[in-house]
>>> print(open('target.pdb').read())   # PDB, C-alpha atoms
ATOM      1  CA  MET A   1     -17.823 -35.708-237.929
ATOM      2  CA  MET A   2     -20.272 -33.716-240.047
ATOM      3  CA  LYS A   3     -23.799 -35.075-240.283
ATOM      4  CA  SER A   4     -25.554 -35.567-243.589
ATOM      5  CA  LYS A   5     -27.964 -32.776-244.473
ATOM      6  CA  LYS A   6     -30.724 -35.382-244.378
ATOM      7  CA  ASN A   7     -29.825 -36.406-240.831
ATOM      8  CA  LYS A   8     -32.458 -34.776-238.610
ATOM      9  CA  THR A   9     -31.467 -36.473-235.355
ATOM     10  CA  LEU A  10     -31.702 -34.162-232.356
ATOM     11  CA  ASP A  11     -28.469 -34.736-230.442
ATOM     12  CA  LEU A  12     -27.428 -31.253-229.308
ATOM     13  CA  PRO A  13     -25.287 -31.007-226.189
ATOM     14  CA  LEU A  14     -26.988 -29.262-223.298
ATOM     15  CA  GLU A  15     -24.972 -26.071-223.740
ATOM     16  CA  ALA A  16     -26.275 -25.768-227.310
ATOM     17  CA  CYS A  17     -29.953 -25.991-226.305
ATOM     18  CA  GLY A  18     -30.279 -22.314-225.408
ATOM     19  CA  ASP A  19     -32.703 -21.644-222.570
ATOM     20  CA  ALA A  20     -34.628 -24.877-223.130
ATOM     21  CA  LEU A  21     -33.716 -26.335-219.749
ATOM     22  CA  GLU A  22     -34.669 -23.110-217.970
ATOM     23  CA  THR A  23     -38.251 -23.509-219.199
ATOM     24  CA  CYS A  24     -38.544 -26.808-217.314
ATOM     25  CA  LEU A  25     -39.938 -27.006-213.804
ATOM     26  CA  PHE A  26     -37.722 -28.210-210.942
ATOM     27  CA  PRO A  27     -40.272 -29.063-208.232
ATOM     28  CA  THR A  28     -39.379 -28.632-204.558
ATOM     29  CA  ALA A  29     -42.863 -28.118-203.091
ATOM     30  CA  PRO A  30     -46.339 -29.613-203.666
ATOM     31  CA  LEU A  31     -47.867 -28.784-207.033
ATOM     32  CA  THR A  32     -51.446 -28.236-208.148
ATOM     33  CA  ALA A  33     -52.843 -29.716-211.343
ATOM     34  CA  GLY A  34     -52.487 -26.292-212.940
ATOM     35  CA  ASP A  35     -48.855 -25.982-211.863
ATOM     36  CA  CYS A  36     -47.819 -29.097-213.747
ATOM     37  CA  ARG A  37     -50.120 -28.838-216.759
ATOM     38  CA  ASP A  38     -48.192 -28.845-220.035
ATOM     39  CA  ARG A  39     -44.903 -28.910-218.175
ATOM     40  CA  VAL A  40     -41.693 -30.901-218.239
ATOM     41  CA  LEU A  41     -40.638 -31.659-214.663
ATOM     42  CA  CYS A  42     -36.906 -32.187-214.307
ATOM     43  CA  GLY A  43     -35.897 -34.535-211.522
ATOM     44  CA  ASP A  44     -36.165 -38.065-210.164
ATOM     45  CA  PHE A  45     -39.722 -39.398-210.420
ATOM     46  CA  PHE A  46     -39.582 -41.010-206.991
ATOM     47  CA  GLU A  47     -38.759 -37.621-205.456
ATOM     48  CA  ILE A  48     -41.244 -35.638-207.549
ATOM     49  CA  ALA A  49     -44.202 -38.054-207.353
ATOM     50  CA  PRO A  50     -45.170 -37.162-203.753
ATOM     51  CA  LEU A  51     -45.371 -33.499-204.817
ATOM     52  CA  LEU A  52     -47.962 -34.194-207.525
ATOM     53  CA  PRO A  53     -51.711 -33.959-206.840
ATOM     54  CA  GLU A  54     -53.702 -37.175-206.434
ATOM     55  CA  LYS A  55     -56.100 -38.382-209.107
ATOM     56  CA  SER A  56     -55.011 -35.759-211.641
ATOM     57  CA  PHE A  57     -54.432 -37.752-214.825
ATOM     58  CA  ASP A  58     -56.753 -39.397-217.361
ATOM     59  CA  LEU A  59     -54.089 -41.412-219.153
ATOM     60  CA  LEU A  60     -50.709 -42.642-217.933
ATOM     61  CA  ILE A  61     -48.085 -43.934-220.343
ATOM     62  CA  VAL A  62     -45.104 -45.552-218.674
ATOM     63  CA  ASP A  63     -41.882 -46.529-220.452
ATOM     64  CA  PRO A  64     -39.705 -47.621-217.533
ATOM     65  CA  PRO A  65     -36.140 -48.859-217.858
ATOM     66  CA  TYR A  66     -36.349 -52.418-219.122
ATOM     67  CA  ASN A  67     -34.572 -55.026-217.059
ATOM     68  CA  LEU A  68     -31.334 -54.881-218.993
ATOM     69  CA  ARG A  69     -28.186 -52.823-218.907
ATOM     70  CA  LYS A  70     -28.649 -49.494-220.680
ATOM     71  CA  ASP A  71     -26.792 -46.197-220.631
ATOM     72  CA  TYR A  72     -29.223 -43.275-220.441
ATOM     73  CA  GLY A  73     -27.082 -40.248-221.168
ATOM     74  CA  GLY A  74     -24.347 -41.231-218.744
ATOM     75  CA  GLU A  75     -26.537 -42.868-216.101
ATOM     76  CA  VAL A  76     -26.454 -46.645-216.361
ATOM     77  CA  PHE A  77     -29.428 -48.796-215.412
ATOM     78  CA  SER A  78     -28.153 -52.306-214.618
ATOM     79  CA  LYS A  79     -30.003 -55.573-214.991
ATOM     80  CA  LYS A  80     -31.457 -56.754-211.690
ATOM     81  CA  ASN A  81     -32.575 -60.078-210.309
ATOM     82  CA  ALA A  82     -36.304 -60.771-210.396
ATOM     83  CA  ALA A  83     -36.927 -59.692-206.812
ATOM     84  CA  ALA A  84     -35.064 -56.389-207.157
ATOM     85  CA  TYR A  85     -36.733 -55.476-210.447
ATOM     86  CA  GLY A  86     -40.104 -56.396-208.978
ATOM     87  CA  GLU A  87     -39.434 -54.082-206.029
ATOM     88  CA  PHE A  88     -38.430 -51.249-208.393
ATOM     89  CA  THR A  89     -41.619 -51.825-210.416
ATOM     90  CA  ARG A  90     -43.923 -51.799-207.393
ATOM     91  CA  ARG A  91     -42.334 -48.545-206.201
ATOM     92  CA  TRP A  92     -43.356 -46.651-209.319
ATOM     93  CA  LEU A  93     -46.686 -48.490-209.612
ATOM     94  CA  THR A  94     -47.597 -47.319-206.114
ATOM     95  CA  GLN A  95     -47.008 -43.727-207.155
ATOM     96  CA  ILE A  96     -48.820 -43.761-210.482
ATOM     97  CA  LYS A  97     -51.818 -45.520-208.919
ATOM     98  CA  ARG A  98     -52.139 -42.516-206.599
ATOM     99  CA  LEU A  99     -51.940 -40.085-209.521
ATOM    100  CA  ALA A 100     -54.461 -41.835-211.776
ATOM    101  CA  ARG A 101     -58.105 -40.857-211.889
ATOM    102  CA  ASP A 102     -60.660 -43.588-211.254
ATOM    103  CA  THR A 103     -61.512 -43.630-214.976
ATOM    104  CA  ALA A 104     -57.875 -43.608-216.133
ATOM    105  CA  SER A 105     -56.125 -46.027-218.448
ATOM    106  CA  VAL A 106     -52.501 -47.050-218.005
ATOM    107  CA  TYR A 107     -50.142 -48.316-220.708
ATOM    108  CA  VAL A 108     -46.794 -49.850-219.758
ATOM    109  CA  CYS A 109     -44.026 -50.564-222.286
ATOM    110  CA  CYS A 110     -41.646 -53.510-222.023
ATOM    111  CA  ASP A 111     -39.757 -56.189-223.896
ATOM    112  CA  TRP A 112     -40.676 -59.861-223.609
ATOM    113  CA  GLU A 113     -38.242 -60.622-220.781
ATOM    114  CA  THR A 114     -39.171 -57.588-218.705
ATOM    115  CA  GLY A 115     -42.841 -58.345-219.337
ATOM    116  CA  ILE A 116     -42.552 -61.631-217.454
ATOM    117  CA  LEU A 117     -41.649 -59.646-214.335
ATOM    118  CA  LEU A 118     -44.083 -56.797-214.972
ATOM    119  CA  ALA A 119     -47.286 -58.745-215.457
ATOM    120  CA  PRO A 120     -47.751 -60.036-211.878
ATOM    121  CA  ALA A 121     -47.101 -56.574-210.460
ATOM    122  CA  LEU A 122     -49.519 -54.889-212.858
ATOM    123  CA  GLU A 123     -52.279 -57.272-211.808
ATOM    124  CA  GLU A 124     -51.785 -56.221-208.186
ATOM    125  CA  PHE A 125     -52.513 -52.568-208.974
ATOM    126  CA  PHE A 126     -54.772 -52.457-212.027
ATOM    127  CA  THR A 127     -57.115 -54.472-214.207
ATOM    128  CA  VAL A 128     -55.041 -55.811-217.094
ATOM    129  CA  ARG A 129     -57.066 -55.596-220.314
ATOM    130  CA  SER A 130     -54.670 -56.671-223.042
ATOM    131  CA  ARG A 131     -51.073 -56.920-224.154
ATOM    132  CA  ILE A 132     -50.247 -55.105-227.382
ATOM    133  CA  THR A 133     -47.289 -56.440-229.330
ATOM    134  CA  TRP A 134     -45.692 -54.187-231.898
ATOM    135  CA  GLN A 135     -43.088 -55.081-234.463
ATOM    136  CA  ARG A 136     -39.928 -53.027-234.427
ATOM    137  CA  GLU A 137     -37.854 -53.751-237.504
ATOM    138  CA  LYS A 138     -34.646 -52.830-235.756
ATOM    139  CA  GLY A 139     -32.899 -55.405-233.616
ATOM    140  CA  ARG A 140     -29.643 -57.248-233.191
ATOM    141  CA  GLY A 141     -29.188 -60.660-234.690
ATOM    142  CA  ALA A 142     -28.527 -63.624-232.427
ATOM    143  CA  ALA A 143     -26.357 -66.611-233.266
ATOM    144  CA  LYS A 144     -28.147 -69.005-230.899
ATOM    145  CA  ASN A 145     -31.600 -67.499-230.569
ATOM    146  CA  TRP A 146     -34.358 -65.872-232.588
ATOM    147  CA  LYS A 147     -33.754 -62.222-233.371
ATOM    148  CA  ASN A 148     -35.871 -60.090-231.038
ATOM    149  CA  CYS A 149     -37.836 -57.548-233.085
ATOM    150  CA  LEU A 150     -40.973 -57.217-230.958
ATOM    151  CA  GLU A 151     -41.919 -55.101-227.967
ATOM    152  CA  ASP A 152     -45.029 -55.096-225.800
ATOM    153  CA  VAL A 153     -47.364 -52.535-224.273
ATOM    154  CA  TRP A 154     -49.637 -53.673-221.445
ATOM    155  CA  PHE A 155     -53.079 -52.034-221.451
ATOM    156  CA  CYS A 156     -54.519 -51.588-217.956
ATOM    157  CA  THR A 157     -57.325 -49.613-216.336
ATOM    158  CA  VAL A 158     -57.976 -48.376-212.823
ATOM    159  CA  SER A 159     -61.608 -49.547-212.911
ATOM    160  CA  ASP A 160     -64.262 -50.895-215.252
ATOM    161  CA  ASP A 161     -65.281 -47.316-216.054
ATOM    162  CA  TYR A 162     -62.760 -46.240-218.679
ATOM    163  CA  ARG A 163     -62.624 -44.623-222.107
ATOM    164  CA  PHE A 164     -61.879 -46.446-225.343
ATOM    165  CA  ASN A 165     -62.403 -44.467-228.547
ATOM    166  CA  LEU A 166     -62.703 -47.289-231.055
ATOM    167  CA  ASP A 167     -63.485 -45.127-234.090
ATOM    168  CA  ALA A 168     -60.332 -43.059-233.522
ATOM    169  CA  VAL A 169     -58.062 -46.065-234.003
ATOM    170  CA  LYS A 170     -59.864 -48.244-236.503
ATOM    171  CA  GLN A 171     -57.577 -49.612-239.177
ATOM    172  CA  VAL A 172     -58.182 -48.788-242.814
ATOM    173  CA  ARG A 173     -57.414 -51.731-245.074
ATOM    174  CA  LYS A 174     -57.738 -52.291-248.786
ATOM    175  CA  VAL A 175     -60.354 -54.879-249.672
ATOM    176  CA  LYS A 176     -58.989 -57.854-251.581
ATOM    177  CA  ALA A 177     -62.309 -59.634-252.113
ATOM    178  CA  PRO A 178     -65.080 -56.991-252.195
ATOM    179  CA  TYR A 179     -68.383 -58.660-251.292
ATOM    180  CA  ARG A 180     -71.718 -57.128-252.267
ATOM    181  CA  SER A 181     -75.174 -57.587-250.839
ATOM    182  CA  GLU A 182     -78.024 -56.849-253.242
ATOM    183  CA  GLY A 183     -75.558 -54.985-255.414
ATOM    184  CA  ALA A 184     -74.290 -52.694-252.660
ATOM    185  CA  PRO A 185     -70.843 -52.873-251.003
ATOM    186  CA  LYS A 186     -70.882 -55.028-247.868
ATOM    187  CA  ASP A 187     -68.750 -53.470-245.076
ATOM    188  CA  TRP A 188     -66.522 -51.545-247.485
ATOM    189  CA  GLU A 189     -66.553 -48.346-249.523
ATOM    190  CA  GLU A 190     -65.173 -47.041-252.785
ATOM    191  CA  THR A 191     -62.659 -44.207-252.403
ATOM    192  CA  PRO A 192     -60.161 -42.426-254.679
ATOM    193  CA  ASP A 193     -57.555 -44.758-253.155
ATOM    194  CA  GLY A 194     -59.559 -47.870-254.002
ATOM    195  CA  LYS A 195     -61.886 -50.160-252.100
ATOM    196  CA  ILE A 196     -61.305 -49.869-248.353
ATOM    197  CA  ARG A 197     -62.733 -51.247-245.125
ATOM    198  CA  SER A 198     -62.495 -49.884-241.580
ATOM    199  CA  THR A 199     -61.803 -52.688-239.135
ATOM    200  CA  CYS A 200     -61.372 -52.986-235.379
ATOM    201  CA  PRO A 201     -57.705 -52.749-234.384
ATOM    202  CA  SER A 202     -56.007 -55.848-233.050
ATOM    203  CA  ASN A 203     -53.353 -56.111-230.352
ATOM    204  CA  PHE A 204     -50.631 -56.887-232.899
ATOM    205  CA  TRP A 205     -49.264 -53.825-234.682
ATOM    206  CA  ASP A 206     -47.035 -54.297-237.694
ATOM    207  CA  ASP A 207     -47.382 -50.736-238.992
ATOM    208  CA  ILE A 208     -44.921 -48.971-236.672
ATOM    209  CA  THR A 209     -41.631 -47.490-237.846
ATOM    210  CA  VAL A 210     -38.932 -46.927-235.244
ATOM    211  CA  PRO A 211     -37.547 -43.367-235.631
ATOM    212  CA  PHE A 212     -34.399 -43.206-237.719
ATOM    213  CA  TRP A 213     -31.935 -40.496-238.664
ATOM    214  CA  SER A 214     -33.871 -38.877-241.525
ATOM    215  CA  MET A 215     -37.102 -38.497-239.508
ATOM    216  CA  ALA A 216     -37.742 -35.157-237.804
ATOM    217  CA  GLU A 217     -38.892 -36.862-234.600
ATOM    218  CA  ASN A 218     -35.636 -38.773-234.125
ATOM    219  CA  THR A 219     -33.336 -38.045-231.187
ATOM    220  CA  ALA A 220     -30.192 -39.635-229.805
ATOM    221  CA  HIS A 221     -32.098 -41.131-226.870
ATOM    222  CA  PRO A 222     -31.291 -44.875-226.797
ATOM    223  CA  THR A 223     -34.857 -46.174-226.333
ATOM    224  CA  GLN A 224     -37.058 -43.585-228.016
ATOM    225  CA  LYS A 225     -40.591 -44.682-228.889
ATOM    226  CA  PRO A 226     -42.259 -43.609-232.162
ATOM    227  CA  GLU A 227     -44.839 -40.830-232.136
ATOM    228  CA  LYS A 228     -47.161 -43.060-234.149
ATOM    229  CA  LEU A 229     -47.125 -45.688-231.397
ATOM    230  CA  LEU A 230     -47.981 -43.092-228.764
ATOM    231  CA  ALA A 231     -50.644 -41.541-230.993
ATOM    232  CA  LYS A 232     -52.597 -44.793-231.072
ATOM    233  CA  LEU A 233     -52.563 -45.080-227.290
ATOM    234  CA  ILE A 234     -53.491 -41.433-226.752
ATOM    235  CA  LEU A 235     -56.320 -41.404-229.292
ATOM    236  CA  ALA A 236     -57.783 -44.661-228.019
ATOM    237  CA  SER A 237     -57.750 -43.837-224.317
ATOM    238  CA  SER A 238     -58.184 -40.085-223.973
ATOM    239  CA  SER A 239     -60.158 -37.193-225.378
ATOM    240  CA  ALA A 240     -59.130 -33.693-226.389
ATOM    241  CA  GLY A 241     -58.264 -31.672-223.303
ATOM    242  CA  ASP A 242     -57.520 -34.711-221.120
ATOM    243  CA  ALA A 243     -54.381 -34.884-218.994
ATOM    244  CA  VAL A 244     -51.662 -37.348-220.030
ATOM    245  CA  PHE A 245     -48.823 -38.296-217.681
ATOM    246  CA  ASP A 246     -45.435 -39.927-218.297
ATOM    247  CA  PRO A 247     -43.173 -40.614-215.290
ATOM    248  CA  PHE A 248     -40.096 -41.602-217.342
ATOM    249  CA  GLY A 249     -40.279 -38.948-220.050
ATOM    250  CA  GLY A 250     -37.069 -39.679-221.949
ATOM    251  CA  ALA A 251     -36.755 -37.393-224.963
ATOM    252  CA  GLY A 252     -40.389 -36.315-224.716
ATOM    253  CA  THR A 253     -42.323 -38.378-227.232
ATOM    254  CA  THR A 254     -45.377 -38.669-224.974
ATOM    255  CA  ALA A 255     -45.432 -34.926-224.333
ATOM    256  CA  VAL A 256     -44.939 -34.003-227.981
ATOM    257  CA  THR A 257     -47.544 -36.439-229.292
ATOM    258  CA  ALA A 258     -50.069 -35.385-226.657
ATOM    259  CA  LYS A 259     -49.571 -31.748-227.606
ATOM    260  CA  LYS A 260     -49.994 -32.491-231.306
ATOM    261  CA  LEU A 261     -53.261 -34.302-230.550
ATOM    262  CA  GLY A 262     -54.732 -31.558-228.345
ATOM    263  CA  ARG A 263     -54.160 -33.155-224.950
ATOM    264  CA  HIS A 264     -52.515 -31.674-221.877
ATOM    265  CA  PHE A 265     -49.342 -33.336-220.681
ATOM    266  CA  THR A 266     -47.071 -33.676-217.672
ATOM    267  CA  VAL A 267     -43.804 -35.564-217.989
ATOM    268  CA  VAL A 268     -41.030 -36.254-215.515
ATOM    269  CA  GLU A 269     -37.434 -36.828-216.628
ATOM    270  CA  LYS A 270     -34.291 -36.794-214.513
ATOM    271  CA  ASN A 271     -31.700 -36.256-217.275
ATOM    272  CA  PRO A 272     -31.339 -32.475-217.945
ATOM    273  CA  GLN A 273     -30.243 -33.010-221.537
ATOM    274  CA  TYR A 274     -33.313 -35.105-222.325
ATOM    275  CA  CYS A 275     -35.476 -32.455-220.661
ATOM    276  CA  ALA A 276     -33.948 -29.796-222.924
ATOM    277  CA  TRP A 277     -34.524 -31.947-226.015
ATOM    278  CA  THR A 278     -38.148 -32.380-224.961
ATOM    279  CA  GLN A 279     -38.594 -28.619-224.760
ATOM    280  CA  LEU A 280     -37.047 -28.133-228.196
ATOM    281  CA  ARG A 281     -39.394 -30.750-229.649
ATOM    282  CA  LEU A 282     -42.369 -29.102-227.955
ATOM    283  CA  GLN A 283     -41.384 -25.793-229.497
ATOM    284  CA  ARG A 284     -41.395 -27.410-232.927
ATOM    285  CA  ALA A 285     -44.847 -28.854-232.219
ATOM    286  CA  ASP A 286     -46.217 -25.323-231.947
ATOM    287  CA  THR A 287     -46.070 -25.093-235.740
ATOM    288  CA  ASP A 288     -45.624 -28.695-236.910
ATOM    289  CA  LYS A 289     -48.414 -31.073-235.864
ATOM    290  CA  HIS A 290     -47.419 -33.813-238.282
ATOM    291  CA  ILE A 291     -47.146 -37.373-236.970
ATOM    292  CA  GLN A 292     -45.304 -39.787-239.254
ATOM    293  CA  GLY A 293     -47.783 -42.382-240.563
ATOM    294  CA  PHE A 294     -50.917 -40.583-239.328
ATOM    295  CA  GLU A 295     -52.780 -38.186-241.588
ATOM    296  CA  ASN A 296     -56.362 -36.895-241.657
ATOM    297  CA  GLY A 297     -57.396 -39.285-238.917
ATOM    298  CA  VAL A 298     -56.017 -42.358-240.686
ATOM    299  CA  PHE A 299     -53.072 -44.535-239.677
ATOM    300  CA  PHE A 300     -51.080 -45.677-242.697
ATOM    301  CA  LYS A 301     -49.035 -48.832-242.712
ATOM    302  CA  ASN A 302     -45.222 -48.699-242.468
ATOM    303  CA  GLN A 303     -44.892 -44.941-242.391
TER
END
>>> encode(input="target.pdb", output="C-alpha cells")
Amino acid sequence: MMKSKKNKTLDLPLEACGDALETCLFPTAPLTAGDCRDRVLCGDFFEIAPLLPEKSFDLLIVDPPYNLRKDYGGEVFSKKNAAAYGEFTRRWLTQIKRLARDTASVYVCCDWETGILLAPALEEFFTVRSRITWQREKGRGAAKNWKNCLEDVWFCTVSDDYRFNLDAVKQVRKVKAPYRSEGAPKDWEETPDGKIRSTCPSNFWDDITVPFWSMAENTAHPTQKPEKLLAKLILASSSAGDAVFDPFGGAGTTAVTAKKLGRHFTVVEKNPQYCAWTQLRLQRADTDKHIQGFENGVFFKNQ
C-alpha cells in the first residue's frame, strides 16, 4: 500500500537502508571511551555491557521493555511475574551502575504498572529524586478501567553531587493576571508574544506530543519516545560535550536528540533494523537540528 506523501514514518526494511548497519559497531572486545563515543553498538546489552569502560557516562537514559507483552521487530518480550521482572531489572541496573560516573544522573522510563516493580530496585542502586509523569494523548480505551494515557520517568542520581540545569528547562507561560510592583512587572516580562513568565518546571508534563506519521522523527518502532521528552532530560542533566548513554536504544531517539543538543552519545540496540534506522536518523541530524516543540531555547506546549 502506498503511503501518503505527508507520511514521514521511517519504516524501511533493512535491505533498503544502504550501508547504515555497516556503520554500527559490533563489539567483541573491551572498548575505550573513545571507541564507543558517538557510536551505535549493535548487540545484546547484557553481552556488550562488560566490554564498556567503567564510569564513562554523565547521563544515562533507560527505556527498558515494560512488563507487558510487546513485539520488538520480531522479538517478543513477554510479561513476567514480579520476581522475574525484578531479576531482569536488577541485571541491567547492576551494569549501568558500573558505567555511570559518580556525578551522573539516571532516568528510567516506565508505565504505572511496571513502575511498581521498578521503584524498589531503583532505590537499591541509586538515590531516587523524583518521578516525572508525562501525558501521552495516545492510548487504548478500556471498558472496565480508566484509559491509560500517562507514562512515568524516574529521576535518579548516583550521588548528591549531580548536575541540574534549571534555567535550561524553565517553562515559559503566558501571564493571565499580570501583577506590578511600584509600576514595574513583578516576575514577568512583556514580549512580542505577550506577557510571559519563566517558571520552574514541575514533574507533570502535559506538553509532550507522541510522534505520529506526519512528523519527521516518527519511526515504526512500537514504543518510540518523543525527541522533546528526551530533550528536557538531556538539557536538565547534562552539559554540552557530556556523554549520554542508552542501553536499550530502540530507534535511536536518545542518540539523535543528544547529537542535536551537542552531547556525545553511546547507544546499544540488539535489533539490526532499529540500529540501521538510528544511523539514518543520525545522518539527518547532521543538517537538521530541529526538535519538534523546542525552538530558540524555549519549550512550547503541545508541539
>>> closest_residue(input="target.pdb", among="A:Arg136, A:Arg263, A:Arg131, A:Lys228", to="A:Asp206", atoms="all atoms listed in the file")
A:Arg136
>>> resolve_selection(input="target.pdb", expression="the PyMOL selection byres ((chain A and resi 234) around 10)", output="ChimeraX atom specification")
/A:59-61,105,107,164-165,168-169,228-233,235-240,242,244,254,257-258,261,263
>>> resolve_selection(input="target.pdb", expression="the PyMOL selection byres ((chain A and resi 158) around 9)", output="number ranges by chain")
A: 97, 100-106, 125-127, 156-157, 159-162
>>> closest_residue(input="target.pdb", among="A:Gln135, A:Ala184, A:Gly250, A:Thr28", to="A:Gln273", atoms="only C-alpha atoms")
A:Gly250
>>> resolve_selection(input="target.pdb", expression="the PyMOL selection byres ((chain A and resi 21) around 8)", output="list in words")
Cys17, Gly18, Asp19, Ala20, Glu22, Thr23, Cys24, Pro272, Gln273, Cys275, Ala276 and Gln279 of chain A
>>> residues_around(input="target.pdb", residues="A:Ala82", least_positions_apart="4", cutoff="12 Å", atoms="all atoms listed in the file", output="MDAnalysis selection string")
chainID A and resid 67:68 86:89 113:118 120:121
>>> residues_around(input="target.pdb", residues="A:Lys8", least_positions_apart="2", cutoff="10 Å", atoms="all atoms listed in the file", output="PyMOL selection string")
chain A and resi 3-6+10-11+212-219
>>> closest_residue(input="target.pdb", among="A:Lys260, A:Asp58, A:Cys200, A:Tyr85", to="A:Arg163", atoms="all atoms listed in the file")
A:Asp58
>>> closest_residue(input="target.pdb", among="A:Asn7, A:Ser56, A:Thr287, A:Asn81", to="A:Pro211", atoms="all atoms listed in the file")
A:Asn7
>>> residues_around(input="target.pdb", residues="A:Asp71", least_positions_apart="4", cutoff="10 Å", atoms="only C-alpha atoms", output="mmCIF file with C-alpha atoms, in the frame of the given file")
data_model
loop_
_atom_site.group_PDB
_atom_site.id
_atom_site.type_symbol
_atom_site.label_atom_id
_atom_site.label_comp_id
_atom_site.auth_asym_id
_atom_site.auth_seq_id
_atom_site.Cartn_x
_atom_site.Cartn_y
_atom_site.Cartn_z
ATOM 1 C CA GLU A 75 -26.537 -42.868 -216.101
ATOM 2 C CA VAL A 76 -26.454 -46.645 -216.361
ATOM 3 C CA PHE A 77 -29.428 -48.796 -215.412
ATOM 4 C CA SER A 78 -28.153 -52.306 -214.618
ATOM 5 C CA HIS A 221 -32.098 -41.131 -226.870
ATOM 6 C CA PRO A 222 -31.291 -44.875 -226.797
ATOM 7 C CA THR A 223 -34.857 -46.174 -226.333
#
>>> axis_aligned_box(input="target.pdb", around="stretch 2-11 of chain A", padding_each_side="4 Å", output="JSON")
{"center_x": -26.4, "center_y": -34.6, "center_z": -237.5, "size_x": 20.2, "size_y": 11.7, "size_z": 22.0}
>>> closest_residue(input="target.pdb", among="A:Pro64, A:Pro13, A:Gly293, A:Pro178", to="A:Lys195", atoms="all atoms listed in the file")
A:Pro178
>>> closest_residue(input="target.pdb", among="A:Cys36, A:Leu282, A:Ala251, A:Leu166", to="A:Phe57", atoms="only C-alpha atoms")
A:Cys36
>>> atom_distance(input="target.pdb", atom1="atom CA of A:Arg173", atom2="atom CA of A:Phe300")
9.1 Å
>>> closest_atom_pairs(input="target.pdb", of="stretch 65-155 of chain A", to="stretch 40-46 of chain A", cutoff="10 Å", atoms="all atoms listed in the file", output="CSV")
residue,atom,partner,partner_atom,distance
A:Arg91,CA,A:Phe46,CA,8.1
A:Trp92,CA,A:Phe46,CA,7.2
A:Gln95,CA,A:Phe46,CA,7.9
>>> atom_distance(input="target.pdb", atom1="atom CA of A:Asn145", atom2="atom CA of A:Lys79")
19.7 Å
>>> atom_distance(input="target.pdb", atom1="atom CA of A:Trp154", atom2="atom CA of A:Ala142")
25.8 Å
>>> residues_near_point(input="target.pdb", point="(-40.1, -44.3, -223.3)", cutoff="6 Å", atoms="only C-alpha atoms", output="PyMOL selection string")
chain A and resi 63+224-225+250
>>> residues_near_point(input="target.pdb", point="(-58.0, -39.4, -237.3)", cutoff="9 Å", atoms="only C-alpha atoms", output="list in words")
Asp167, Ala168, Val169, Leu235, Phe294, Glu295, Asn296, Gly297, Val298 and Phe299 of chain A
>>> build_atoms(input="target.pdb", residues="stretch 23-34 of chain A", atoms="N, CA and C atoms", output="mmCIF file, in the coordinates of the input")
data_model
loop_
_atom_site.group_PDB
_atom_site.id
_atom_site.type_symbol
_atom_site.label_atom_id
_atom_site.label_comp_id
_atom_site.auth_asym_id
_atom_site.auth_seq_id
_atom_site.Cartn_x
_atom_site.Cartn_y
_atom_site.Cartn_z
ATOM 1 N N THR A 23 -36.789 -23.518 -219.099
ATOM 2 C CA THR A 23 -38.251 -23.509 -219.199
ATOM 3 C C THR A 23 -38.877 -24.737 -218.534
ATOM 4 N N CYS A 24 -38.045 -25.653 -218.054
ATOM 5 C CA CYS A 24 -38.544 -26.808 -217.314
ATOM 6 C C CYS A 24 -38.852 -26.402 -215.875
ATOM 7 N N LEU A 25 -39.602 -27.245 -215.198
ATOM 8 C CA LEU A 25 -39.938 -27.006 -213.804
ATOM 9 C C LEU A 25 -39.113 -27.957 -212.937
ATOM 10 N N PHE A 26 -38.518 -27.420 -211.877
ATOM 11 C CA PHE A 26 -37.722 -28.210 -210.942
ATOM 12 C C PHE A 26 -38.462 -28.206 -209.596
ATOM 13 N N PRO A 27 -39.384 -29.126 -209.402
ATOM 14 C CA PRO A 27 -40.272 -29.063 -208.232
ATOM 15 C C PRO A 27 -39.545 -29.281 -206.900
ATOM 16 N N THR A 28 -39.898 -28.475 -205.916
ATOM 17 C CA THR A 28 -39.379 -28.632 -204.558
ATOM 18 C C THR A 28 -40.500 -28.558 -203.528
ATOM 19 N N ALA A 29 -41.710 -28.240 -203.982
ATOM 20 C CA ALA A 29 -42.863 -28.118 -203.091
ATOM 21 C C ALA A 29 -44.078 -28.709 -203.798
ATOM 22 N N PRO A 30 -45.139 -29.030 -203.050
ATOM 23 C CA PRO A 30 -46.339 -29.613 -203.666
ATOM 24 C C PRO A 30 -46.885 -28.759 -204.810
ATOM 25 N N LEU A 31 -47.356 -29.447 -205.843
ATOM 26 C CA LEU A 31 -47.867 -28.784 -207.033
ATOM 27 C C LEU A 31 -49.367 -29.008 -207.166
ATOM 28 N N THR A 32 -50.048 -28.047 -207.769
ATOM 29 C CA THR A 32 -51.446 -28.236 -208.148
ATOM 30 C C THR A 32 -51.496 -28.785 -209.560
ATOM 31 N N ALA A 33 -52.680 -29.221 -209.976
ATOM 32 C CA ALA A 33 -52.843 -29.716 -211.343
ATOM 33 C C ALA A 33 -52.482 -28.634 -212.353
ATOM 34 N N GLY A 34 -52.824 -27.394 -212.039
ATOM 35 C CA GLY A 34 -52.487 -26.292 -212.940
ATOM 36 C C GLY A 34 -51.002 -26.027 -213.015
#
